[in-house]
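Just below is one structure, and these are the notes that go with it.
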Amino acid sequence: MSTSATASGFGSTADATPSSLCAREPRVPAERLVAEMVPPPRFDSVRFDTYIPDPGRPSQTEAVRVLDEFAAGLAGARSGSSGRRGFLGFGRRPAKAPAGPRGVYLDGGYGVGKTHLLASLWHATPAEPSLKAFGTFVELTNLVGALGFQQTVQTLSGHRLLCIDEFELDDPGDTVLVSSLLGRLVEAGVALAATSNTLPGKLGEGRFASVDFLREIQGLSAHFRSLRIDGEDYRHRGLPEAPRPYSDEQVTKAAYATPGASLDDFPHLLDHLARVHPSRYGALTDGIAAVCLTDVQPVPDQSTALRLVVLADRLYDREVPVLASGMPFDRLFSEEMLAGGYRKKYFRAISRLTALARDAKPLVKG
């Protein structure tokens with residue numbers, strides 16, 4: 001915002017001047033991409049016993065049982081490895097993988113807790129954190145872009161487990177790239193676990209993606225056991241309605257009263273996201289305690305919408321509250337977008353931003 005703190009009436013000594021995401025242009029070294037391949041902060045404390053299955057959805061209870069057994073089966077699976085994260089030297093044979101499927105695929109609609117279960121599997125696998133990797137499909141492709149294909153293979157081949165959240169079936173080129181990478185890792189004895197989105201044009205709520213996933217990963221399908229997880233979006237089960245947007249004045253006042261908050265005009269932020277690679281959106285929010293946005297409007301086009309989806313994911317992962325004025329979050333995307341090939345991503349973004357808006361409610365005093 002161009003208005004000064006003093007002129008706005010929010011410049012008292014008790015107030016903290018908010019930062020601006022639009023003023024940030026983070027640079028992320030490749031080493032950080034590797035080191036950050038762990039479950040995001042929101043999932044630090046999740047475990048199988050913190051996943052509450054819906055009594056009416058027995059597939060949820062079964063998924064917990066199967067994944068718990070899968071994790072236990074990985075004990076000592078890589079005992080011949082070096083015991084550290086790093087680069088598998090050429091000429092050193094990887095440890096022999098145990099018999100049986102080396103991968104599990106969690107198949108279900110958005111909001112049924114697939115990421116919770118995937119992170120729980122990471123936590124339950126008996127190996128040092130440096131021997132387990134967890135990331136989204138986008139983060140994995142960014143790692144390949146930063147290190148190169150061969151170096152990524154060497155870096156991850158010493159791992160016991162690789163978890164991939166939101167496998168992007170809607171990008172054929174990246175799908176082939178990652179499928180090739182996973183093939184090399186399976187040969188090295190790395191266990192795999194994945195969730196995915198569905199292909200464009202096939203995105204009805206309750207529709208499952210296992211057939212698409214197993215087809216797209218081609219020769220790797222025999223390595224995966226598919227676990228179907230039925231259920232509703234848990235973020236809407238028994239929860240109150242999302243708070244209505246606040247006024248510009250309320251959002252601005254809350255930003256100045258909240259240490260570590262950022263304050264940005266929403267259209268300007270969307271413009272800025274176009275100048276920052278999505279792999280840096282996590283770094284863009286480093287140290288931010290709350291995101292305050294004024295003048296939220298419907299996104300103008302699909303490219304902008306997809307960038308906003310990535311930002312929403314990073315904010316949700318980091319549990320950063322989002323306080324906003326303007327349009328409600330369920331009106332961000334046009335009817336055409338919500339009926340199109342990326343429908344599932346947009347509904348996920350709406351669901352996550354709505355949850356973060358609830359988290360932001362205590363920031364508004366009075």
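By order in the structure tokens, chains are A, B, ...; within a chain, residues start at 1; ligands start at 1, following the order shown.
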
| Close residues, Ser59 in chain A itself excluded, 8 Å, only C-alpha atoms, min 6 positions apart in chain, as a PyMOL selection string | chain A and resi 228-230

Atoms to include: all heavy atoms. Write the selected residues as a PDB file, in the first residue's frame.
ATOM      1  N   ARG A 228      -7.303 -46.998  -1.982  1.00  0.00           N
ATOM      2  CA  ARG A 228      -8.400 -46.063  -2.206  1.00  0.00           C
ATOM      3  C   ARG A 228      -8.902 -45.529  -0.870  1.00  0.00           C
ATOM      4  O   ARG A 228      -9.166 -46.303   0.064  1.00  0.00           O
ATOM      5  CB  ARG A 228      -9.529 -46.742  -2.968  1.00  0.00           C
ATOM      6  CG  ARG A 228     -10.755 -45.867  -3.137  1.00  0.00           C
ATOM      7  CD  ARG A 228     -11.687 -46.445  -4.167  1.00  0.00           C
ATOM      8  NE  ARG A 228     -12.971 -45.782  -4.162  1.00  0.00           N
ATOM      9  CZ  ARG A 228     -13.834 -45.823  -5.175  1.00  0.00           C
ATOM     10  NH1 ARG A 228     -13.536 -46.511  -6.252  1.00  0.00           N
ATOM     11  NH2 ARG A 228     -14.989 -45.199  -5.097  1.00  0.00           N
ATOM     12  N   ILE A 229      -9.040 -44.196  -0.778  1.00  0.00           N
ATOM     13  CA  ILE A 229      -9.481 -43.556   0.461  1.00  0.00           C
ATOM     14  C   ILE A 229     -10.720 -42.729   0.157  1.00  0.00           C
ATOM     15  O   ILE A 229     -10.645 -41.671  -0.468  1.00  0.00           O
ATOM     16  CB  ILE A 229      -8.366 -42.658   1.043  1.00  0.00           C
ATOM     17  CG1 ILE A 229      -7.071 -43.465   1.209  1.00  0.00           C
ATOM     18  CG2 ILE A 229      -8.801 -42.061   2.374  1.00  0.00           C
ATOM     19  CD1 ILE A 229      -5.869 -42.617   1.542  1.00  0.00           C
ATOM     20  N   ASP A 230     -11.867 -43.227   0.565  1.00  0.00           N
ATOM     21  CA  ASP A 230     -13.117 -42.505   0.352  1.00  0.00           C
ATOM     22  C   ASP A 230     -13.299 -41.439   1.424  1.00  0.00           C
ATOM     23  O   ASP A 230     -12.710 -41.518   2.502  1.00  0.00           O
ATOM     24  CB  ASP A 230     -14.308 -43.470   0.418  1.00  0.00           C
ATOM     25  CG  ASP A 230     -14.220 -44.566  -0.631  1.00  0.00           C
ATOM     26  OD1 ASP A 230     -14.635 -44.330  -1.762  1.00  0.00           O
ATOM     27  OD2 ASP A 230     -13.733 -45.664  -0.277  1.00  0.00           O
TER      28      ASP A 230
END

| said: For the structure I just gave you, how does DSSP split range 31-200 of chain A - specifically, which residues are strand (DSSP E or B)? Reply as a ChimeraX atom specification. | reply: /A:103-107,132-136,161-167,191-196

Would you put the residues from that selection into a file with N, CA, C and O atoms, as a short mmCIF file (atom, residue, chain, number, x, y, z; two decimals), in the first residue's frame?
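Dumped to again33.cif:
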data_model
loop_
_atom_site.label_atom_id
_atom_site.label_comp_id
_atom_site.auth_asym_id
_atom_site.auth_seq_id
_atom_site.Cartn_x
_atom_site.Cartn_y
_atom_site.Cartn_z
N GLY A 103 6.14 -49.56 -3.64
CA GLY A 103 5.45 -48.28 -3.65
C GLY A 103 4.01 -48.41 -3.22
O GLY A 103 3.37 -49.46 -3.39
N VAL A 104 3.48 -47.34 -2.64
CA VAL A 104 2.06 -47.26 -2.34
C VAL A 104 1.53 -45.96 -2.94
O VAL A 104 2.21 -44.94 -2.95
N TYR A 105 0.32 -46.04 -3.46
CA TYR A 105 -0.33 -44.87 -4.05
C TYR A 105 -1.63 -44.61 -3.32
O TYR A 105 -2.49 -45.49 -3.23
N LEU A 106 -1.77 -43.42 -2.75
CA LEU A 106 -2.97 -43.05 -2.00
C LEU A 106 -3.95 -42.38 -2.94
O LEU A 106 -3.69 -41.29 -3.46
N ASP A 107 -5.07 -43.01 -3.16
CA ASP A 107 -6.02 -42.62 -4.20
C ASP A 107 -7.30 -42.11 -3.55
O ASP A 107 -8.03 -42.88 -2.91
N LYS A 132 15.20 -40.02 4.34
CA LYS A 132 13.83 -40.00 3.86
C LYS A 132 13.58 -38.65 3.20
O LYS A 132 14.08 -37.63 3.67
N ALA A 133 12.83 -38.65 2.12
CA ALA A 133 12.54 -37.39 1.42
C ALA A 133 11.04 -37.26 1.22
O ALA A 133 10.34 -38.24 0.94
N PHE A 134 10.54 -36.03 1.37
CA PHE A 134 9.11 -35.74 1.22
C PHE A 134 8.98 -34.43 0.46
O PHE A 134 9.58 -33.42 0.85
N GLY A 135 8.22 -34.43 -0.61
CA GLY A 135 8.01 -33.19 -1.34
C GLY A 135 6.86 -33.32 -2.31
O GLY A 135 6.39 -34.43 -2.61
N THR A 136 6.40 -32.20 -2.80
CA THR A 136 5.39 -32.22 -3.84
C THR A 136 6.04 -32.55 -5.18
O THR A 136 7.26 -32.47 -5.34
N LEU A 161 13.19 -43.94 1.62
CA LEU A 161 11.81 -43.64 1.22
C LEU A 161 11.75 -42.28 0.54
O LEU A 161 12.38 -41.33 0.99
N LEU A 162 10.96 -42.21 -0.53
CA LEU A 162 10.64 -40.94 -1.18
C LEU A 162 9.13 -40.81 -1.25
O LEU A 162 8.44 -41.67 -1.83
N CYS A 163 8.59 -39.76 -0.64
CA CYS A 163 7.15 -39.47 -0.67
C CYS A 163 6.90 -38.30 -1.62
O CYS A 163 7.53 -37.25 -1.47
N ILE A 164 5.96 -38.48 -2.54
CA ILE A 164 5.63 -37.43 -3.51
C ILE A 164 4.16 -37.08 -3.36
O ILE A 164 3.28 -37.91 -3.61
N ASP A 165 3.90 -35.85 -2.95
CA ASP A 165 2.52 -35.38 -2.78
C ASP A 165 2.08 -34.64 -4.04
O ASP A 165 2.85 -33.89 -4.63
N GLU A 166 0.81 -34.85 -4.44
CA GLU A 166 0.23 -34.17 -5.59
C GLU A 166 1.01 -34.41 -6.88
O GLU A 166 1.46 -33.48 -7.55
N PHE A 167 1.17 -35.68 -7.22
CA PHE A 167 1.80 -36.04 -8.49
C PHE A 167 1.02 -35.40 -9.63
O PHE A 167 -0.18 -35.61 -9.76
N ALA A 191 12.09 -47.04 -1.60
CA ALA A 191 10.65 -47.23 -1.53
C ALA A 191 9.95 -45.92 -1.89
O ALA A 191 10.47 -44.83 -1.63
N LEU A 192 8.77 -46.03 -2.49
CA LEU A 192 8.06 -44.86 -2.99
C LEU A 192 6.65 -44.79 -2.41
O LEU A 192 6.03 -45.82 -2.13
N ALA A 193 6.16 -43.59 -2.22
CA ALA A 193 4.77 -43.37 -1.85
C ALA A 193 4.31 -42.11 -2.53
O ALA A 193 5.07 -41.15 -2.67
N ALA A 194 3.05 -42.10 -3.00
CA ALA A 194 2.60 -40.94 -3.78
C ALA A 194 1.11 -40.71 -3.62
O ALA A 194 0.34 -41.63 -3.33
N THR A 195 0.72 -39.45 -3.80
CA THR A 195 -0.66 -39.08 -4.05
C THR A 195 -0.64 -38.34 -5.39
O THR A 195 0.41 -38.01 -5.90
N SER A 196 -1.82 -38.11 -5.96
CA SER A 196 -1.81 -37.38 -7.23
C SER A 196 -3.08 -36.58 -7.42
O SER A 196 -4.07 -36.76 -6.71
#

| request: Measure the distance from CA of Ala355 in chain A to CA of Pro53 in chain A in Å and round it to one decimal. | output: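 About the pair CA of Ala355 in chain A and CA of Pro53 in chain A: they are 20.0 Å apart.
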
| request: For Leu67 in chain A, please output as a PyMOL selection string all residues within 10 Å (counting only C-alpha atoms; exclusion window: fewer than 3 positions along the same chain). | output: chain A and resi 48+62-64+70-73+104+106+117-118+120-121+124-125+193+227

| said: as a list in words, please: the residues near Val34 in chain A (cut-off 10 Å, only C-alpha atoms, same-chain neighbours under 2 positions excluded). | reply: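 Residues near the query, excluding close chain neighbours: Pro29, Ala30, Glu31, Arg32, Glu36, Met37, Val38, Arg85, Gly86, Ser130, Ala133, Phe134, Gly135, Glu139, Leu140, Leu143, Ala146, Leu147, Thr152, Thr155 and Leu156 of chain A.
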
Selection to disk with C-alpha atoms, as a PDB file, in the first residue's frame:
ATOM      1  CA  PRO A  29      20.145 -22.353  -3.558  1.00  0.00           C
ATOM      2  CA  ALA A  30      19.885 -25.958  -4.707  1.00  0.00           C
ATOM      3  CA  GLU A  31      21.131 -27.237  -1.336  1.00  0.00           C
ATOM      4  CA  ARG A  32      18.092 -25.742   0.344  1.00  0.00           C
ATOM      5  CA  GLU A  36      13.780 -28.950   2.803  1.00  0.00           C
ATOM      6  CA  MET A  37      12.471 -32.245   1.418  1.00  0.00           C
ATOM      7  CA  VAL A  38      10.686 -33.053   4.674  1.00  0.00           C
ATOM      8  CA  ARG A  85      22.147 -38.269   2.839  1.00  0.00           C
ATOM      9  CA  GLY A  86      24.405 -37.526  -0.060  1.00  0.00           C
ATOM     10  CA  SER A 130      18.312 -37.553   6.152  1.00  0.00           C
ATOM     11  CA  ALA A 133      12.537 -37.389   1.419  1.00  0.00           C
ATOM     12  CA  PHE A 134       9.113 -35.741   1.220  1.00  0.00           C
ATOM     13  CA  GLY A 135       8.007 -33.189  -1.344  1.00  0.00           C
ATOM     14  CA  GLU A 139       9.317 -29.514  -5.654  1.00  0.00           C
ATOM     15  CA  LEU A 140      10.760 -32.717  -7.125  1.00  0.00           C
ATOM     16  CA  LEU A 143      15.124 -30.299  -7.693  1.00  0.00           C
ATOM     17  CA  ALA A 146      18.469 -27.327 -10.035  1.00  0.00           C
ATOM     18  CA  LEU A 147      20.729 -30.396  -9.836  1.00  0.00           C
ATOM     19  CA  THR A 152      19.260 -35.992  -8.546  1.00  0.00           C
ATOM     20  CA  THR A 155      21.359 -37.646  -4.362  1.00  0.00           C
ATOM     21  CA  LEU A 156      18.169 -39.623  -3.725  1.00  0.00           C
TER      22      LEU A 156
END

| request: List the neighbours of Gly287 in chain A out to 12 Å using only C-alpha atoms; skip same-chain residues closer than 4 positions along the sequence, and give me the result as a count of residues only. | output: 16

| query | Which one is closest to Leu363 in chain A: A:Lys253, A:His272, A:Arg348, A:His277? Count only C-alpha atoms. | reply |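 Result for the nearest residue to Leu363 in chain A: A:Lys253.
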
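For the residues A:Ala127, A:Ile52, A:Leu353, A:Leu74, ranking by smallest atom-to-atom distance to Asp330 in chain A using only C-alpha atoms places A:Leu353 first.
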